[in-house]
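See structure below.
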Amino acid sequence: MRLHALVPLLLLLHVCFANSSAQDDLSGSLIVYAATSLTDVFEAMRGAFVETHPDVAILLNFANSATLAAQLTAGAPADVFASANELQMQVAVESGRVAQTDVEVFAHNRLALIVPAGNPAKIHSLDDLMQDNILLVLAAEGTPIRAYTDAMLASYSAERGDSFTDGVLRNLVSEESNVRQVVARIALGEADAGIVYQSDALGDVADQLISMPIAEQHNQLASYPIAPLLDTAEPSLAERFMRFVLSDEALAILEANGFCWPARLDDDQADEAAAEPALEFSDIGDTIRIDCEAASIED
């Protein structure tokens with residue numbers, strides 16, 4: 001009698017174990033659309049994710065967020081979209097490709113002034129960009145980084161007068177299609193200065209650049225939202241990858257690449273929020289933490 005009663009229990013445990021194994025043995029392929037400024041960090045995330053799930057293939061498509069949102073609106077196939085600002089994610093939402101309730105901010109970034117190593121134009125602050133004969137490179141209008149840059153200049157102008165923005169933009173000699181091209185122009189010494197994300201001054205070109213902070217009261221807090229596509233062919237896999245981007249391991253990768261973490265709700269705010277409770281991140285040891293708390297939010 002006891003053995004007969006034990007058989008159903010053993011069968012149930014076998015089914016549960018099989019289901020758990022099936023969940024752990026992920027397979028399939030994902031197409032991830034990501035902002036250009038996420039190139040290094042998402043390549044690192046792909047490596048970490050695929051190392052744990054070797055049967056998963058992740059194709060990364062990088063471009064400025066406005067271009068990616070336009071491609072998604074036009075029906076381009078994709079599974080996950082990670083934007084450098086909430087405006088372009090909203091474009092994807094309004095096109096019907098993304099559900100607003102699925103959108104989560106996974107990182108923040110700030111602006112920095114960069115000059116070539118050696119600083120031949122002797123630039124030390126934003127004020128120096130108003131000098132004569134300065135060669136300034138910015139990203140093109142319509143890109144998130146340019147929107148943040150324009151908001152930063154507007155903040156300076158509100159304090160110092162409209163002549164500040166006019167004086168800076170008078171030295172604009174090139175507008176690049178994405179932020180990495182701005183970085184490349186400065187690293188190669190083809191211009192005197194550029195405005196980029198703080199994360200862009202790290203990595204392979206760090207020894208070819210000098211990065212200078214922008215005053216906190218004028219700097220901008222760039223928000224990076226991520227969401228699965230509603231018509232993804234791999235909904236479970238897309239969700240797993242998105243959860244990974246919001247995980248402790250991914251947080252360490254973000255911080256190592258100069259990004260900072262999203263603001264977290266305290267207990268009282270969490271009780272008031274209708275959304276899912278914010279993820280709790282554990283201590284990540286010696287990782288350098290980038291402070292974004294003092295920045296303003298302008299999208």
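Naming scheme: A, B, ... for chains in displayed order of the structure tokens; residues 1 onward per chain; ligands 1 onward as shown.
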Inset, instruction - Considering only C-alpha atoms, return as a list in words whatever protein or nucleic-acid residues lie within 9 Å of stretch 69-74 of chain A, sequence-local ones (same chain, fewer than 3 positions apart) excluded. - result: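 Final neighbour list, sorted by chain and number: Tyr33, Asn64, Ser65, Ala66, Pro77, Ala78, Phe81, Ser83, Gln88, Met89, Gln90, Val91, Ala92, Glu94, Ser95, Gly96 and Arg97 of chain A.
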Inset, instruction - Skip A:Asn61 itself and residues of its chain fewer than 6 positions away, then list as a ChimeraX atom specification all residues within 9 Å of it, counting only C-alpha atoms. - result: /A:31-36,68
Those selected residues, please, written with C-alpha atoms and delivered as a PDB file, in the first residue's frame.
ATOM      1  CA  ILE A  31      17.062  40.004 -31.974  1.00  0.00           C
ATOM      2  CA  VAL A  32      17.854  42.862 -29.600  1.00  0.00           C
ATOM      3  CA  TYR A  33      17.596  46.474 -30.778  1.00  0.00           C
ATOM      4  CA  ALA A  34      19.802  48.652 -28.568  1.00  0.00           C
ATOM      5  CA  ALA A  35      20.991  52.264 -28.490  1.00  0.00           C
ATOM      6  CA  THR A  36      24.507  52.869 -29.790  1.00  0.00           C
ATOM      7  CA  LEU A  68      15.628  51.965 -34.052  1.00  0.00           C
TER       8      LEU A  68
END
Inset, instruction - Identify which of the residues A:Leu237, A:Leu126, A:Ala63, A:Leu202 lies closest to A:Asp40, counting only C-alpha atoms when measuring atom-to-atom distances. - result: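 Selected residue with least distance to A:Asp40: A:Leu202.
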Inset, instruction - Would you mind telling me which residue in A:Val41, A:Ala147, A:Ile58, A:Met152 lies nearest to A:Gly28 when using only C-alpha atoms? - result: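 Nearest to A:Gly28: A:Ile58.
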Inset, instruction - Within 7 Å of stretch 226-233 of chain A, counting only C-alpha atoms, which residues show up once you throw out same-chain ones fewer than 6 positions away? Write them as a ChimeraX atom specification, please. - result: /A:78-83,97-99,102-106,239
Inset, instruction - Per DSSP on the backbone, filter stretch 73-281 of chain A down to the residues in alpha helix (DSSP H) and report them as a ChimeraX atom specification. - result: /A:73,86-94,144-160,163-169,179-187,235-245,248-256,267-272
For stretch 122-238 of chain A against stretch 248-259 of chain A, with a cut-off of 9 Å and counting only C-alpha atoms, what is the closest atom pair and its distance in Å to one decimal for every residue that makes the cut, ordered by chain and number, as JSON lines?
{"residue": "A:Tyr197", "atom": "CA", "partner": "A:Gly258", "partner_atom": "CA", "distance": 8.9}
{"residue": "A:Gln198", "atom": "CA", "partner": "A:Gly258", "partner_atom": "CA", "distance": 6.4}
{"residue": "A:Ser199", "atom": "CA", "partner": "A:Gly258", "partner_atom": "CA", "distance": 4.2}
{"residue": "A:Asp200", "atom": "CA", "partner": "A:Gly258", "partner_atom": "CA", "distance": 7.8}
{"residue": "A:Ala201", "atom": "CA", "partner": "A:Gly258", "partner_atom": "CA", "distance": 8.4}
{"residue": "A:Leu202", "atom": "CA", "partner": "A:Asn257", "partner_atom": "CA", "distance": 6.8}
{"residue": "A:Gly203", "atom": "CA", "partner": "A:Asn257", "partner_atom": "CA", "distance": 7.5}
Inset, instruction - Check the smallest atom-to-atom distance from each of A:Ala158, A:Ala44, A:Val56, A:Val168 to A:Gln131 using only C-alpha atoms, then report the winner. - result: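 Looking at the shortest contact to A:Gln131, the residue is A:Val168.
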Legend entry - Best match for closeness to A:Asp132 among A:Ile145, A:Leu169, A:Val196, A:Leu113, counting only C-alpha atoms: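 Among A:Ile145, A:Leu169, A:Val196, A:Leu113, it is A:Leu169 that comes nearest to A:Asp132.
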Enumerate, in order of chain and increasing residue number, the residues of stretch 95-134 of chain A with an atom no farther than 12 Å from stretch 183-191 of chain A, each with its shortest atom pair and distance in Å to one decimal, counting only C-alpha atoms, as a Markdown table.
| residue | atom | partner | partner_atom | distance |
| --- | --- | --- | --- | --- |
| A:Ala112 | CA | A:Val183 | CA | 11.1 |
| A:Leu113 | CA | A:Val183 | CA | 10.4 |
| A:Ile114 | CA | A:Ile186 | CA | 7.4 |
| A:Val115 | CA | A:Ile186 | CA | 6.2 |
| A:Pro116 | CA | A:Ile186 | CA | 5.4 |
| A:Ala117 | CA | A:Ala187 | CA | 7.5 |
| A:Gly118 | CA | A:Gly189 | CA | 9.6 |
| A:Asn119 | CA | A:Gly189 | CA | 9.2 |
| A:Pro120 | CA | A:Gly189 | CA | 9.0 |
| A:Ala121 | CA | A:Ala191 | CA | 9.3 |
| A:Ile123 | CA | A:Ala191 | CA | 11.8 |
| A:Leu129 | CA | A:Ala191 | CA | 11.9 |
| A:Asn133 | CA | A:Ala191 | CA | 10.7 |
| A:Ile134 | CA | A:Ala191 | CA | 8.1 |
Could the residues in this selection be written to a file with C-alpha atoms, as an mmCIF file, in the first residue's frame?
data_model
loop_
_atom_site.group_PDB
_atom_site.id
_atom_site.type_symbol
_atom_site.label_atom_id
_atom_site.label_comp_id
_atom_site.auth_asym_id
_atom_site.auth_seq_id
_atom_site.Cartn_x
_atom_site.Cartn_y
_atom_site.Cartn_z
ATOM 1 C CA ALA A 112 30.462 64.592 -20.074
ATOM 2 C CA LEU A 113 32.657 66.989 -22.036
ATOM 3 C CA ILE A 114 35.477 65.187 -23.865
ATOM 4 C CA VAL A 115 38.605 66.514 -25.555
ATOM 5 C CA PRO A 116 41.496 64.711 -27.267
ATOM 6 C CA ALA A 117 44.403 63.517 -25.144
ATOM 7 C CA GLY A 118 46.805 66.422 -24.833
ATOM 8 C CA ASN A 119 43.921 68.900 -25.061
ATOM 9 C CA PRO A 120 45.460 71.066 -27.826
ATOM 10 C CA ALA A 121 42.690 73.679 -27.629
ATOM 11 C CA ILE A 123 39.577 73.463 -22.995
ATOM 12 C CA LEU A 129 33.452 76.141 -25.894
ATOM 13 C CA ASN A 133 38.184 78.798 -33.428
ATOM 14 C CA ILE A 134 36.999 75.863 -31.312
#
For the strand (DSSP E or B) assignment from backbone DSSP, which residues of stretch 46-256 of chain A qualify? Please present them as an mmCIF file with C-alpha atoms, in the first residue's frame.
data_model
loop_
_atom_site.group_PDB
_atom_site.id
_atom_site.type_symbol
_atom_site.label_atom_id
_atom_site.label_comp_id
_atom_site.auth_asym_id
_atom_site.auth_seq_id
_atom_site.Cartn_x
_atom_site.Cartn_y
_atom_site.Cartn_z
ATOM 1 C CA VAL A 56 20.804 30.813 -27.068
ATOM 2 C CA ALA A 57 21.892 33.088 -29.932
ATOM 3 C CA ILE A 58 21.552 36.862 -29.507
ATOM 4 C CA LEU A 59 21.797 39.200 -32.483
ATOM 5 C CA LEU A 60 22.495 42.785 -31.403
ATOM 6 C CA ASN A 61 21.404 45.625 -33.685
ATOM 7 C CA PHE A 62 22.884 48.977 -32.602
ATOM 8 C CA ALA A 63 21.851 52.402 -33.888
ATOM 9 C CA VAL A 80 13.701 43.300 -27.297
ATOM 10 C CA PHE A 81 14.170 47.084 -27.528
ATOM 11 C CA ALA A 82 16.554 49.047 -25.269
ATOM 12 C CA GLU A 104 11.279 49.177 -17.286
ATOM 13 C CA VAL A 105 14.196 51.572 -16.802
ATOM 14 C CA PHE A 106 17.356 49.540 -16.234
ATOM 15 C CA ALA A 107 20.116 52.198 -16.174
ATOM 16 C CA HIS A 108 20.961 55.885 -16.081
ATOM 17 C CA ASN A 109 23.770 57.860 -17.654
ATOM 18 C CA ARG A 110 25.058 61.428 -17.532
ATOM 19 C CA LEU A 111 26.748 63.825 -19.909
ATOM 20 C CA ALA A 112 30.462 64.592 -20.074
ATOM 21 C CA LEU A 113 32.657 66.989 -22.036
ATOM 22 C CA ILE A 114 35.477 65.187 -23.865
ATOM 23 C CA VAL A 115 38.605 66.514 -25.555
ATOM 24 C CA PRO A 116 41.496 64.711 -27.267
ATOM 25 C CA LEU A 136 32.946 71.256 -31.622
ATOM 26 C CA VAL A 137 31.330 67.944 -32.590
ATOM 27 C CA LEU A 138 27.862 66.892 -31.397
ATOM 28 C CA ALA A 139 25.413 64.141 -32.287
ATOM 29 C CA LEU A 172 29.679 73.407 -34.141
ATOM 30 C CA VAL A 173 31.510 71.939 -37.147
ATOM 31 C CA SER A 174 30.002 68.449 -37.399
ATOM 32 C CA GLU A 175 26.875 66.568 -36.360
ATOM 33 C CA GLU A 176 27.275 62.798 -36.188
ATOM 34 C CA ALA A 193 35.633 68.896 -28.051
ATOM 35 C CA GLY A 194 32.421 66.893 -27.954
ATOM 36 C CA ILE A 195 29.516 66.149 -25.621
ATOM 37 C CA VAL A 196 28.906 62.456 -24.962
ATOM 38 C CA TYR A 197 27.617 60.158 -22.227
ATOM 39 C CA LEU A 209 40.453 61.172 -24.389
ATOM 40 C CA ILE A 210 40.213 63.508 -21.450
ATOM 41 C CA SER A 211 36.772 63.523 -19.851
ATOM 42 C CA MET A 212 35.548 66.540 -17.902
ATOM 43 C CA PRO A 213 32.458 66.659 -15.678
ATOM 44 C CA GLN A 220 21.054 65.677 -17.515
ATOM 45 C CA LEU A 221 20.055 62.227 -16.333
ATOM 46 C CA ALA A 222 19.659 59.906 -19.314
ATOM 47 C CA SER A 223 17.184 57.083 -18.714
ATOM 48 C CA TYR A 224 17.491 53.724 -20.475
ATOM 49 C CA PRO A 225 14.203 51.796 -20.732
ATOM 50 C CA ILE A 226 13.918 48.242 -22.018
ATOM 51 C CA ALA A 227 10.894 46.199 -23.131
ATOM 52 C CA PRO A 228 10.061 43.021 -25.041
#
Legend entry - All residues 8 Å or closer to A:Leu153, only C-alpha atoms, same chain fewer than 4 positions away omitted, as a list of chain:residue names: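 Near neighbours after the sequence-gap exclusion: A:Thr149, A:Ser157, A:Phe164, A:Thr165, A:His218.
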